[in-house]
Structure formats: C-alpha cells, structure tokens
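Text of the file protein.cif, holding mmCIF, C-alpha atoms:
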data_upload
loop_
_atom_site.group_PDB
_atom_site.id
_atom_site.type_symbol
_atom_site.label_atom_id
_atom_site.label_comp_id
_atom_site.auth_asym_id
_atom_site.auth_seq_id
_atom_site.Cartn_x
_atom_site.Cartn_y
_atom_site.Cartn_z
ATOM 1 C CA TYR A 1 -76.926 -4.676 -37.156
ATOM 2 C CA GLY A 2 -76.891 -3.081 -33.738
ATOM 3 C CA SER A 3 -73.151 -2.401 -33.810
ATOM 4 C CA ILE A 4 -70.217 -2.431 -36.181
ATOM 5 C CA ALA A 5 -68.675 -5.242 -34.118
ATOM 6 C CA ALA A 6 -71.763 -7.379 -34.726
ATOM 7 C CA ALA A 7 -71.650 -6.627 -38.440
ATOM 8 C CA ILE A 8 -67.994 -7.659 -38.655
ATOM 9 C CA GLU A 9 -68.681 -10.845 -36.694
ATOM 10 C CA ALA A 10 -71.452 -11.782 -39.144
ATOM 11 C CA ALA A 11 -69.422 -10.898 -42.240
ATOM 12 C CA SER A 12 -67.580 -13.392 -44.394
ATOM 13 C CA ALA A 13 -64.224 -12.906 -46.094
ATOM 14 C CA GLY A 14 -64.631 -10.510 -49.014
ATOM 15 C CA ASP A 15 -67.691 -8.748 -47.589
ATOM 16 C CA THR A 16 -68.043 -4.991 -47.111
ATOM 17 C CA VAL A 17 -69.253 -3.528 -43.821
ATOM 18 C CA ALA A 18 -70.606 0.009 -44.325
ATOM 19 C CA LEU A 19 -71.459 2.721 -41.817
ATOM 20 C CA TYR A 20 -74.635 4.794 -42.009
ATOM 21 C CA CYS A 21 -73.940 7.131 -39.081
ATOM 22 C CA ASP A 22 -71.112 8.424 -36.887
ATOM 23 C CA ILE A 23 -70.180 6.053 -34.068
ATOM 24 C CA THR A 24 -68.196 6.280 -30.839
ATOM 25 C CA LEU A 25 -66.404 3.214 -29.509
ATOM 26 C CA ASP A 26 -65.760 2.633 -25.817
ATOM 27 C CA GLU A 27 -63.363 -0.243 -26.567
ATOM 28 C CA SER A 28 -61.111 -1.231 -29.419
ATOM 29 C CA LEU A 29 -62.713 -2.723 -32.510
ATOM 30 C CA THR A 30 -60.861 -5.790 -33.824
ATOM 31 C CA ILE A 31 -61.087 -6.689 -37.511
ATOM 32 C CA ASP A 32 -59.955 -10.321 -37.730
ATOM 33 C CA LYS A 33 -61.014 -11.299 -41.240
ATOM 34 C CA ALA A 34 -60.509 -10.152 -44.827
ATOM 35 C CA VAL A 35 -63.245 -7.516 -45.114
ATOM 36 C CA THR A 36 -63.653 -3.932 -46.288
ATOM 37 C CA ILE A 37 -64.758 -1.325 -43.770
ATOM 38 C CA ASP A 38 -66.423 1.479 -45.738
ATOM 39 C CA LEU A 39 -67.001 4.427 -43.423
ATOM 40 C CA ASN A 40 -69.207 5.961 -46.097
ATOM 41 C CA LYS A 41 -68.038 9.513 -45.164
ATOM 42 C CA TYR A 42 -68.859 8.980 -41.479
ATOM 43 C CA THR A 43 -66.606 9.105 -38.408
ATOM 44 C CA ILE A 44 -65.454 6.500 -35.913
ATOM 45 C CA SER A 45 -64.133 8.063 -32.718
ATOM 46 C CA SER A 46 -62.870 6.775 -29.400
ATOM 47 C CA GLY A 47 -64.982 7.427 -26.332
ATOM 48 C CA ASN A 48 -62.266 5.946 -24.124
ATOM 49 C CA VAL A 49 -59.265 8.254 -24.019
ATOM 50 C CA THR A 50 -56.800 5.332 -23.894
ATOM 51 C CA ALA A 51 -58.558 3.023 -26.358
ATOM 52 C CA LEU A 52 -57.235 1.998 -29.736
ATOM 53 C CA VAL A 53 -59.951 2.678 -32.301
ATOM 54 C CA LEU A 54 -59.376 -0.030 -34.932
ATOM 55 C CA ARG A 55 -57.111 -3.100 -34.844
ATOM 56 C CA ALA A 56 -56.791 -5.056 -38.100
ATOM 57 C CA THR A 57 -55.220 -8.370 -37.080
ATOM 58 C CA ASP A 58 -55.894 -10.939 -39.772
ATOM 59 C CA GLY A 59 -56.629 -11.282 -43.456
ATOM 60 C CA THR A 60 -56.459 -8.549 -46.073
ATOM 61 C CA VAL A 61 -58.343 -5.559 -44.653
ATOM 62 C CA THR A 62 -59.388 -2.343 -46.394
ATOM 63 C CA ILE A 63 -60.477 0.712 -44.390
ATOM 64 C CA LYS A 64 -61.781 3.560 -46.539
ATOM 65 C CA ASN A 65 -63.889 6.664 -47.100
ATOM 66 C CA GLY A 66 -64.213 8.324 -43.722
ATOM 67 C CA THR A 67 -62.627 9.630 -40.536
ATOM 68 C CA VAL A 68 -61.047 7.987 -37.503
ATOM 69 C CA THR A 69 -60.238 10.220 -34.554
ATOM 70 C CA SER A 70 -58.693 9.494 -31.177
ATOM 71 C CA SER A 71 -56.698 11.263 -28.485
ATOM 72 C CA TYR A 72 -54.470 8.215 -27.901
ATOM 73 C CA PHE A 73 -54.274 5.487 -30.578
ATOM 74 C CA GLY A 74 -55.812 5.326 -34.040
ATOM 75 C CA ILE A 75 -55.474 2.344 -36.394
ATOM 76 C CA ASP A 76 -53.261 -0.684 -35.674
ATOM 77 C CA ALA A 77 -52.405 -2.368 -38.991
ATOM 78 C CA TYR A 78 -51.114 -5.948 -38.948
ATOM 79 C CA ASN A 79 -50.739 -8.374 -41.866
ATOM 80 C CA LYS A 80 -52.025 -6.694 -45.050
ATOM 81 C CA VAL A 81 -54.012 -3.484 -44.603
ATOM 82 C CA SER A 82 -55.036 -0.814 -47.102
ATOM 83 C CA ILE A 83 -56.142 2.609 -45.818
ATOM 84 C CA GLU A 84 -57.796 4.628 -48.577
ATOM 85 C CA ASN A 85 -59.366 8.081 -48.724
ATOM 86 C CA MET A 86 -59.293 8.427 -44.938
ATOM 87 C CA THR A 87 -58.728 11.236 -42.459
ATOM 88 C CA VAL A 88 -57.007 9.855 -39.356
ATOM 89 C CA SER A 89 -56.418 12.222 -36.435
ATOM 90 C CA MET A 90 -54.535 11.716 -33.182
ATOM 91 C CA THR A 91 -55.310 14.823 -31.185
ATOM 92 C CA SER A 92 -53.227 14.761 -27.970
ATOM 93 C CA THR A 93 -49.521 15.043 -27.166
ATOM 94 C CA ASN A 94 -50.266 12.440 -24.481
ATOM 95 C CA GLY A 95 -51.184 9.969 -27.210
ATOM 96 C CA TYR A 96 -49.043 7.819 -29.487
ATOM 97 C CA TYR A 97 -49.818 7.256 -33.163
ATOM 98 C CA ALA A 98 -52.542 7.827 -35.690
ATOM 99 C CA ILE A 99 -51.542 4.637 -37.544
ATOM 100 C CA ARG A 100 -49.150 1.863 -36.527
ATOM 101 C CA SER A 101 -47.864 -0.412 -39.291
ATOM 102 C CA SER A 102 -46.585 -3.900 -38.498
ATOM 103 C CA GLY A 103 -46.994 -5.720 -41.790
ATOM 104 C CA GLU A 104 -47.741 -4.794 -45.391
ATOM 105 C CA THR A 105 -49.568 -1.478 -45.110
ATOM 106 C CA THR A 106 -50.705 0.875 -47.853
ATOM 107 C CA VAL A 107 -51.952 4.391 -47.136
ATOM 108 C CA MET A 108 -53.262 6.333 -50.112
ATOM 109 C CA ASP A 109 -55.208 9.512 -50.858
ATOM 110 C CA SER A 110 -55.556 10.279 -47.163
ATOM 111 C CA GLU A 111 -54.895 12.952 -44.531
ATOM 112 C CA ILE A 112 -53.156 12.291 -41.229
ATOM 113 C CA ASN A 113 -53.239 14.858 -38.430
ATOM 114 C CA THR A 114 -51.129 14.165 -35.375
ATOM 115 C CA ALA A 115 -49.943 15.750 -32.172
ATOM 116 C CA TYR A 116 -47.337 12.980 -31.714
ATOM 117 C CA VAL A 117 -46.668 10.414 -34.487
ATOM 118 C CA GLY A 118 -48.582 10.105 -37.746
ATOM 119 C CA ILE A 119 -47.463 6.622 -38.866
ATOM 120 C CA GLN A 120 -45.274 4.483 -36.622
ATOM 121 C CA VAL A 121 -43.578 1.709 -38.605
ATOM 122 C CA ILE A 122 -42.615 -1.355 -36.557
ATOM 123 C CA ASP A 123 -42.001 -3.980 -39.229
ATOM 124 C CA GLY A 124 -42.627 -4.885 -42.854
ATOM 125 C CA THR A 125 -43.247 -2.556 -45.790
ATOM 126 C CA THR A 126 -45.331 0.608 -45.613
ATOM 127 C CA THR A 127 -46.253 2.452 -48.806
ATOM 128 C CA VAL A 128 -47.709 5.946 -48.525
ATOM 129 C CA THR A 129 -48.927 7.779 -51.636
ATOM 130 C CA ASN A 130 -50.751 11.060 -52.267
ATOM 131 C CA THR A 131 -51.212 11.636 -48.549
ATOM 132 C CA LYS A 132 -51.052 14.828 -46.499
ATOM 133 C CA PHE A 133 -49.588 14.922 -42.977
ATOM 134 C CA VAL A 134 -50.129 17.833 -40.597
ATOM 135 C CA ILE A 135 -48.221 17.907 -37.299
ATOM 136 C CA THR A 136 -50.409 19.981 -35.016
ATOM 137 C CA GLU A 137 -48.424 20.072 -31.750
ATOM 138 C CA SER A 138 -45.152 18.955 -30.154
ATOM 139 C CA ILE A 139 -43.681 18.716 -26.679
ATOM 140 C CA ASP A 140 -40.189 19.579 -25.448
ATOM 141 C CA SER A 141 -39.224 15.982 -24.624
ATOM 142 C CA PHE A 142 -40.171 14.429 -28.000
ATOM 143 C CA GLN A 143 -39.996 15.421 -31.632
ATOM 144 C CA SER A 144 -43.449 14.874 -33.094
ATOM 145 C CA ALA A 145 -43.146 13.205 -36.499
ATOM 146 C CA GLY A 146 -45.138 12.551 -39.618
ATOM 147 C CA ILE A 147 -43.561 9.097 -40.042
ATOM 148 C CA TYR A 148 -41.455 7.282 -37.430
ATOM 149 C CA ILE A 149 -39.555 4.179 -38.566
ATOM 150 C CA ASP A 150 -38.829 2.278 -35.358
ATOM 151 C CA ASP A 151 -35.619 0.365 -34.642
ATOM 152 C CA THR A 152 -37.424 -2.865 -33.670
ATOM 153 C CA ASN A 153 -36.921 -4.648 -37.010
ATOM 154 C CA LYS A 154 -35.756 -4.021 -40.564
ATOM 155 C CA SER A 155 -38.525 -1.966 -42.134
ATOM 156 C CA SER A 156 -39.147 -0.342 -45.485
ATOM 157 C CA VAL A 157 -41.086 2.864 -46.176
ATOM 158 C CA ILE A 158 -41.913 4.170 -49.636
ATOM 159 C CA ALA A 159 -43.344 7.703 -49.556
ATOM 160 C CA GLU A 160 -44.408 9.111 -52.921
ATOM 161 C CA GLY A 161 -46.405 12.242 -53.566
ATOM 162 C CA ILE A 162 -46.771 13.065 -49.873
ATOM 163 C CA THR A 163 -46.666 16.376 -48.024
ATOM 164 C CA ILE A 164 -45.672 16.858 -44.396
ATOM 165 C CA THR A 165 -46.135 20.253 -42.758
ATOM 166 C CA ALA A 166 -46.096 21.488 -39.175
ATOM 167 C CA ASP A 167 -48.160 24.106 -37.391
ATOM 168 C CA GLU A 168 -46.503 26.842 -35.309
ATOM 169 C CA GLU A 169 -47.614 24.938 -32.198
ATOM 170 C CA ALA A 170 -45.192 22.146 -33.163
ATOM 171 C CA PRO A 171 -41.726 23.739 -32.836
ATOM 172 C CA ASN A 172 -39.977 20.372 -32.341
ATOM 173 C CA SER A 173 -41.648 18.724 -35.313
ATOM 174 C CA VAL A 174 -39.754 16.529 -37.769
ATOM 175 C CA GLY A 175 -40.936 15.040 -41.022
ATOM 176 C CA ILE A 176 -39.609 11.477 -41.033
ATOM 177 C CA VAL A 177 -37.523 9.706 -38.391
ATOM 178 C CA ILE A 178 -35.621 6.592 -39.436
ATOM 179 C CA GLU A 179 -33.936 4.231 -36.992
ATOM 180 C CA GLY A 180 -31.834 1.316 -38.190
ATOM 181 C CA PRO A 181 -31.941 -2.184 -36.658
ATOM 182 C CA TYR A 182 -28.340 -2.085 -35.324
ATOM 183 C CA THR A 183 -27.403 -0.518 -31.989
ATOM 184 C CA ASN A 184 -23.689 -0.908 -32.763
ATOM 185 C CA GLY A 185 -22.268 1.070 -35.679
ATOM 186 C CA ALA A 186 -19.514 -1.465 -36.366
ATOM 187 C CA ASP A 187 -22.137 -4.217 -36.689
ATOM 188 C CA ALA A 188 -24.040 -2.118 -39.209
ATOM 189 C CA VAL A 189 -20.916 -1.437 -41.267
ATOM 190 C CA ALA A 190 -20.099 -5.166 -41.347
ATOM 191 C CA ALA A 191 -23.653 -6.203 -42.232
ATOM 192 C CA GLU A 192 -25.159 -6.650 -45.680
ATOM 193 C CA GLU A 193 -27.117 -3.632 -46.882
ATOM 194 C CA GLU A 194 -30.206 -5.750 -47.501
ATOM 195 C CA THR A 195 -30.534 -5.999 -43.713
ATOM 196 C CA TYR A 196 -30.842 -2.206 -43.392
ATOM 197 C CA SER A 197 -34.075 -0.320 -42.892
ATOM 198 C CA GLU A 198 -35.035 1.614 -46.008
ATOM 199 C CA LEU A 199 -36.669 4.955 -46.716
ATOM 200 C CA THR A 200 -37.585 6.179 -50.192
ATOM 201 C CA VAL A 201 -38.962 9.708 -50.585
ATOM 202 C CA LYS A 202 -40.079 10.615 -54.093
ATOM 203 C CA ASN A 203 -41.999 13.579 -55.548
ATOM 204 C CA SER A 204 -42.747 14.793 -52.049
ATOM 205 C CA THR A 205 -42.641 18.015 -50.011
ATOM 206 C CA ILE A 206 -41.615 18.036 -46.349
ATOM 207 C CA HIS A 207 -41.511 21.371 -44.538
ATOM 208 C CA THR A 208 -41.106 21.181 -40.761
ATOM 209 C CA ASN A 209 -39.806 23.308 -37.936
ATOM 210 C CA TYR A 210 -36.950 20.922 -37.166
ATOM 211 C CA SER A 211 -35.447 18.374 -39.571
ATOM 212 C CA ALA A 212 -37.376 17.094 -42.563
ATOM 213 C CA VAL A 213 -35.560 13.718 -42.419
ATOM 214 C CA ILE A 214 -33.606 12.668 -39.352
ATOM 215 C CA GLY A 215 -31.762 9.574 -38.164
ATOM 216 C CA GLN A 216 -30.726 8.509 -34.679
ATOM 217 C CA GLY A 217 -27.080 8.200 -33.651
ATOM 218 C CA LYS A 218 -27.651 5.021 -31.640
ATOM 219 C CA TYR A 219 -29.630 3.116 -34.303
ATOM 220 C CA HIS A 220 -27.571 2.285 -37.383
ATOM 221 C CA GLY A 221 -28.094 0.531 -40.686
ATOM 222 C CA THR A 222 -30.268 2.748 -42.908
ATOM 223 C CA MET A 223 -30.683 3.285 -46.639
ATOM 224 C CA ILE A 224 -32.262 6.628 -47.598
ATOM 225 C CA ASP A 225 -33.141 7.694 -51.144
ATOM 226 C CA ILE A 226 -34.520 11.196 -51.740
ATOM 227 C CA THR A 227 -35.632 11.856 -55.330
ATOM 228 C CA ASP A 228 -37.385 14.835 -56.958
ATOM 229 C CA SER A 229 -38.477 16.197 -53.589
ATOM 230 C CA GLU A 230 -38.355 19.410 -51.566
ATOM 231 C CA LEU A 231 -37.167 19.204 -47.953
ATOM 232 C CA THR A 232 -36.960 22.310 -45.790
ATOM 233 C CA SER A 233 -36.390 23.068 -42.114
ATOM 234 C CA ASN A 234 -37.164 26.335 -40.371
ATOM 235 C CA LYS A 235 -34.444 26.101 -37.732
ATOM 236 C CA GLY A 236 -32.283 22.984 -38.095
ATOM 237 C CA ALA A 237 -30.561 20.736 -40.601
ATOM 238 C CA ALA A 238 -33.070 19.766 -43.266
ATOM 239 C CA VAL A 239 -31.474 16.300 -43.269
ATOM 240 C CA TYR A 240 -29.640 15.136 -40.149
ATOM 241 C CA HIS A 241 -27.687 11.861 -40.519
ATOM 242 C CA PRO A 242 -25.816 10.792 -37.345
ATOM 243 C CA GLN A 243 -26.015 7.040 -38.008
ATOM 244 C CA TYR A 244 -23.987 4.588 -40.088
ATOM 245 C CA GLY A 245 -25.823 4.095 -43.356
ATOM 246 C CA ASN A 246 -26.166 5.442 -46.877
ATOM 247 C CA ILE A 247 -28.118 8.371 -48.277
ATOM 248 C CA THR A 248 -28.587 9.332 -51.933
ATOM 249 C CA VAL A 249 -30.070 12.613 -53.170
ATOM 250 C CA THR A 250 -31.291 13.054 -56.746
ATOM 251 C CA GLY A 251 -33.051 16.051 -58.291
ATOM 252 C CA SER A 252 -34.123 17.469 -54.948
ATOM 253 C CA THR A 253 -34.086 20.829 -53.177
ATOM 254 C CA ILE A 254 -32.885 20.638 -49.576
ATOM 255 C CA GLU A 255 -32.794 23.798 -47.481
ATOM 256 C CA GLY A 256 -32.324 24.574 -43.797
ATOM 257 C CA ALA A 257 -29.999 26.189 -41.279
ATOM 258 C CA THR A 258 -27.799 23.408 -42.646
ATOM 259 C CA GLY A 259 -28.854 21.574 -45.777
ATOM 260 C CA ILE A 260 -27.482 18.123 -44.919
ATOM 261 C CA GLU A 261 -25.547 17.424 -41.733
ATOM 262 C CA MET A 262 -23.579 14.161 -41.874
ATOM 263 C CA ARG A 263 -22.148 12.829 -38.615
ATOM 264 C CA ALA A 264 -21.670 9.285 -39.921
ATOM 265 C CA GLY A 265 -22.345 7.189 -42.993
ATOM 266 C CA ASN A 266 -22.073 7.888 -46.717
ATOM 267 C CA LEU A 267 -23.690 10.656 -48.776
ATOM 268 C CA THR A 268 -24.105 10.598 -52.561
ATOM 269 C CA VAL A 269 -25.563 13.649 -54.321
ATOM 270 C CA GLU A 270 -26.464 12.829 -57.912
ATOM 271 C CA SER A 271 -28.130 16.203 -58.566
ATOM 272 C CA GLY A 272 -30.138 18.878 -56.822
ATOM 273 C CA THR A 273 -29.785 22.068 -54.779
ATOM 274 C CA ILE A 274 -28.620 22.000 -51.154
ATOM 275 C CA THR A 275 -28.394 25.151 -49.061
#

Can I see the file as structure tokens?
Amino acid sequence: YGSIAAAIEAASAGDTVALYCDITLDESLTIDKAVTIDLNKYTISSGNVTALVLRATDGTVTIKNGTVTSSYFGIDAYNKVSIENMTVSMTSTNGYYAIRSSGETTVMDSEINTAYVGIQVIDGTTTVTNTKFVITESIDSFQSAGIYIDDTNKSSVIAEGITITADEEAPNSVGIVIEGPYTNGADAVAAEEETYSELTVKNSTIHTNYSAVIGQGKYHGTMIDITDSELTSNKGAAVYHPQYGNITVTGSTIEGATGIEMRAGNLTVESGTIT
C-alpha cells in the first residue's frame, strides 16, 4: 500500500497492518475499525506541529512494537485500545499529552516521555503496567505530570509496576494528578463512593521534583490506594491531598519535605514508612 491510511482503509476487522519503514504524517491518522497496528520497530512521527498522530475511534484497537513521537499530541484512545511495547514521546512544553484515554485503555511494557502530560485520563478505566514514564521538562505555569486524571467524569486508573521519574529540567514535575468529579466538597461528602474517581498504585516507584501523587482542592471525590510502592519528592509533600476523598496506604515508603499533607478528606495508613 502507498500509505498506512490506505492499508487501514483496506483492512477488515481482526487484520494486522504492519509498517516496514519510518513514516511522517502531515495529518492525523484515524483508526476506525478493530485492527492491530504493528509498528514493527519503526517510528510514526508528526510532520505537522499541531497534528494528533493516531486517533483510535472505533472497535478494539491494538498499537504495538514501535515509536510514536510528536511535539503536540500523540495517541488519542477511545473505546477499547491496547498500547503494547511502545515508546510514545511528546517533546514540547507547548504540547498536551502523549496519550489521551477516553474509554477502556491498557498500556503495557512501554515507555512514555513527556514535556507536559504523559497520559491524560478523561473517562473510563485506564490500566498501566510495567511502564516507564520520564518527565523531561516543565514550565512555571503548569506542573508536568506522568498521569493526569481529569475532572470531566468519574475515571479509574490502575497503575502497577510503573516508574515515574523527572529530569532536572522539570522542577515542577508531579507523578500523578487526580481530580474528582465534584466541584463542591459538600456534594462529594454526600455522594456514594462508587461515584468517585479512583487511583490504585501498586508495586510502583514515583520519584519527582514536586509531589509524587497530588489532588486538586477544587475537584473532590477521589479514592486513592497506594500499596507496596515508593513515592518520593525532592522539594514538596510526596502526597498532597487537599480534596475531599479517601486515601489508604499499605506497605509503602513515602518520603518528601512532608510525607503526606492532608488538607481535607480521610487518611488510613495500614503499614509503611512515612517521613
């Protein structure tokens, strides 16, 4: 085929579209059927500085075995998307996200490099396993993040076996930001916990220059579970919790200028070391 777009158009559900060279896209590539995109160790990059590279909009889509790089947007994941053995890089502080998740998204055995947000979670459930995040830069007006759970809807993130680190050029970096779906704390307190956004961190290491896990004081209704993990901050609270919600710590080491700073909500420490 003359282009990857033509190959996808000709493919049927269940087919695999494989690359045999590096390609540069001048416009976004939409994947609107249940196919596997095997990059075959090659790279897809954006030739248009403001273009989204890949948009998976329909069906069950697998993207695997290669590199996606952009200075603005990376992969937009709707419906059910699996990202496997990939390196996804968003290279500019003027950009947005390496991956945006709006459905049932799985990221495994991958590396995400970002100068802004690694994975932005808008809706649904996002599961991230055995994946390395590197925050390469940050700007004064925004805390660059490995994972950013947006306040738009109730969302769930399960992070197991991940690492998040930050370069020296990212002084305002944070590991994971979680925003709840309630803008009024009293509404969150009155609501059922199953309506809260959820974050589970297990067997993971997060070491950033600012907080490893941070909430937002104007977005309430969060459930956070940190188990068998190591969270450290170079200059702030390793965990900062200004929102109404619940956080449980089990078997974890949490270290920063302050270990855990609670401004609102409920903290349960089952076991671990906090300094």

Could you tell me which residues the PyMOL selection byres ((chain A and resi 150) around 9) returns for this structure, as a tab-separated table (two decimals) with C-alpha atoms, in the coordinates of the input?
chain	number	residue	atom	x	y	z
A	120	GLN	CA	-45.27	4.48	-36.62
A	121	VAL	CA	-43.58	1.71	-38.60
A	122	ILE	CA	-42.62	-1.36	-36.56
A	123	ASP	CA	-42.00	-3.98	-39.23
A	148	TYR	CA	-41.46	7.28	-37.43
A	149	ILE	CA	-39.56	4.18	-38.57
A	151	ASP	CA	-35.62	0.36	-34.64
A	152	THR	CA	-37.42	-2.86	-33.67
A	153	ASN	CA	-36.92	-4.65	-37.01
A	154	LYS	CA	-35.76	-4.02	-40.56
A	155	SER	CA	-38.52	-1.97	-42.13
A	177	VAL	CA	-37.52	9.71	-38.39
A	178	ILE	CA	-35.62	6.59	-39.44
A	179	GLU	CA	-33.94	4.23	-36.99
A	180	GLY	CA	-31.83	1.32	-38.19
A	181	PRO	CA	-31.94	-2.18	-36.66

Check your understanding: Looking at all atoms listed in the file, which of A:His207, A:Lys33, A:Lys202, A:Arg100 is the one that sits closest to Phe133 (chain A)?
Key -> A:His207

Point to revise | Length of the CA of Thr163 (chain A) to CA of Glu194 (chain A) vector [Å] | key: 27.6 Å

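Taking CA of Ser204 (chain A) and CA of Tyr116 (chain A) as endpoints, the distance between them is 20.9 Å.
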
Expand the PyMOL selection byres ((chain A and resi 83) around 8) into the explicit residue set it covers here, and present it as an mmCIF file with C-alpha atoms, keeping the file's coordinate frame.
data_model
loop_
_atom_site.group_PDB
_atom_site.id
_atom_site.type_symbol
_atom_site.label_atom_id
_atom_site.label_comp_id
_atom_site.auth_asym_id
_atom_site.auth_seq_id
_atom_site.Cartn_x
_atom_site.Cartn_y
_atom_site.Cartn_z
ATOM 1 C CA THR A 62 -59.388 -2.343 -46.394
ATOM 2 C CA ILE A 63 -60.477 0.712 -44.390
ATOM 3 C CA LYS A 64 -61.781 3.560 -46.539
ATOM 4 C CA VAL A 81 -54.012 -3.484 -44.603
ATOM 5 C CA SER A 82 -55.036 -0.814 -47.102
ATOM 6 C CA GLU A 84 -57.796 4.628 -48.577
ATOM 7 C CA ASN A 85 -59.366 8.081 -48.724
ATOM 8 C CA MET A 86 -59.293 8.427 -44.938
ATOM 9 C CA THR A 105 -49.568 -1.478 -45.110
ATOM 10 C CA THR A 106 -50.705 0.875 -47.853
ATOM 11 C CA VAL A 107 -51.952 4.391 -47.136
ATOM 12 C CA MET A 108 -53.262 6.333 -50.112
ATOM 13 C CA SER A 110 -55.556 10.279 -47.163
#

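Relative to CA of Ser101 (chain A), CA of Gly47 (chain A) is found at 22.9 Å.
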
So which residues get picked by the PyMOL selection byres ((chain A and resi 198) around 10) here, written as a PDB file with C-alpha atoms, keeping the file's coordinate frame?
ATOM      1  CA  THR A 125     -43.247  -2.556 -45.790  1.00  0.00           C
ATOM      2  CA  ILE A 149     -39.555   4.179 -38.566  1.00  0.00           C
ATOM      3  CA  LYS A 154     -35.756  -4.021 -40.564  1.00  0.00           C
ATOM      4  CA  SER A 155     -38.525  -1.966 -42.134  1.00  0.00           C
ATOM      5  CA  SER A 156     -39.147  -0.342 -45.485  1.00  0.00           C
ATOM      6  CA  VAL A 157     -41.086   2.864 -46.176  1.00  0.00           C
ATOM      7  CA  ILE A 158     -41.913   4.170 -49.636  1.00  0.00           C
ATOM      8  CA  ILE A 178     -35.621   6.592 -39.436  1.00  0.00           C
ATOM      9  CA  GLU A 179     -33.936   4.231 -36.992  1.00  0.00           C
ATOM     10  CA  GLY A 180     -31.834   1.316 -38.190  1.00  0.00           C
ATOM     11  CA  GLU A 193     -27.117  -3.632 -46.882  1.00  0.00           C
ATOM     12  CA  GLU A 194     -30.206  -5.750 -47.501  1.00  0.00           C
ATOM     13  CA  THR A 195     -30.534  -5.999 -43.713  1.00  0.00           C
ATOM     14  CA  TYR A 196     -30.842  -2.206 -43.392  1.00  0.00           C
ATOM     15  CA  SER A 197     -34.075  -0.320 -42.892  1.00  0.00           C
ATOM     16  CA  LEU A 199     -36.669   4.955 -46.716  1.00  0.00           C
ATOM     17  CA  THR A 200     -37.585   6.179 -50.192  1.00  0.00           C
ATOM     18  CA  GLY A 221     -28.094   0.531 -40.686  1.00  0.00           C
ATOM     19  CA  THR A 222     -30.268   2.748 -42.908  1.00  0.00           C
ATOM     20  CA  MET A 223     -30.683   3.285 -46.639  1.00  0.00           C
ATOM     21  CA  ILE A 224     -32.262   6.628 -47.598  1.00  0.00           C
ATOM     22  CA  ASP A 225     -33.141   7.694 -51.144  1.00  0.00           C
ATOM     23  CA  GLY A 245     -25.823   4.095 -43.356  1.00  0.00           C
ATOM     24  CA  ASN A 246     -26.166   5.442 -46.877  1.00  0.00           C
ATOM     25  CA  ILE A 247     -28.118   8.371 -48.277  1.00  0.00           C
TER      26      ILE A 247
END

Practice item. Select, counting only C-alpha atoms, all protein, DNA and RNA residues no farther than 6 Å from (-50.9, 15.8, -32.0) in file coordinates, and express the selection as a list in words. Key: Met90, Thr91, Ser92, Thr93, Thr114, Ala115, Tyr116, Thr136 and Glu137 of chain A

Review point. A:Val174, A:Val239, A:Ile119, A:Met262: which is nearest Ile139 (chain A), counting all atoms listed in the file?
Key: A:Val174

Using only C-alpha atoms and a cutoff of 6 Å, can you tell me which residues are near (-55.0, -1.3, -40.1) in the file's coordinates, and write them out as an mmCIF file with C-alpha atoms, in the frame of the given file?
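What follows is the written file selection_19.cif:
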data_model
loop_
_atom_site.group_PDB
_atom_site.id
_atom_site.type_symbol
_atom_site.label_atom_id
_atom_site.label_comp_id
_atom_site.auth_asym_id
_atom_site.auth_seq_id
_atom_site.Cartn_x
_atom_site.Cartn_y
_atom_site.Cartn_z
ATOM 1 C CA ARG A 55 -57.111 -3.100 -34.844
ATOM 2 C CA ALA A 56 -56.791 -5.056 -38.100
ATOM 3 C CA ILE A 75 -55.474 2.344 -36.394
ATOM 4 C CA ASP A 76 -53.261 -0.684 -35.674
ATOM 5 C CA ALA A 77 -52.405 -2.368 -38.991
ATOM 6 C CA VAL A 81 -54.012 -3.484 -44.603
#

Padding of 5 Å on every side, edges along x, y and z, all listed atoms of region 239-254 of chain A included: what centre and edge lengths in Å, to one decimal, does that box have, as lines of an AutoDock Vina configuration file?
center_x = -29.1
center_y = 12.5
center_z = -47.8
size_x = 20.1
size_y = 26.7
size_z = 30.9

Point to revise | From A:Ile162, A:Ile226, A:Val117, A:Ala257, residue lying nearest Ser271 (chain A) [all atoms listed in the file] | key: A:Ile226

**Study point:** Selection: 12 Å around Gly259 (chain A), only C-alpha atoms, excl. self and same-chain fewer than 5 positions, as an MDAnalysis selection string
**Key:** chainID A and resid 210:214 230:241 249 252:254 272:275

Review point. Contacts of Asn48 (chain A) at 10 Å or less, counting all atoms listed in the file, minus same-chain residues fewer than 5 places along, as a PyMOL selection string?
Key: chain A and resi 24-28+53+70-72

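The shortest atom-to-atom distance to Asn40 (chain A), with only C-alpha atoms taken into account, belongs to A:Thr16 out of A:Thr57, A:Thr16, A:Asn113, A:Ser89.
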
Review point. Hey, which of A:Ile147, A:Gly265, A:Ala190, A:Thr248 ends up closest to Gly217 (chain A)? Count all atoms listed in the file.
Key: A:Gly265

Review point. Taking into account all atoms listed in the file, which residue in the set A:Gly66, A:Gly161, A:Gly175, A:Gly74 is nearest to Leu54 (chain A)?
Key: A:Gly74

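Summary of the local environment: counting all atoms listed in the file, residues at most 8 Å from Val134 (chain A), other than itself and those fewer than 5 positions away along its chain, are Glu111, Ile112, Asn113, Thr114, Gly146, Ile164, Thr165, Ala166 and Asp167 of chain A.
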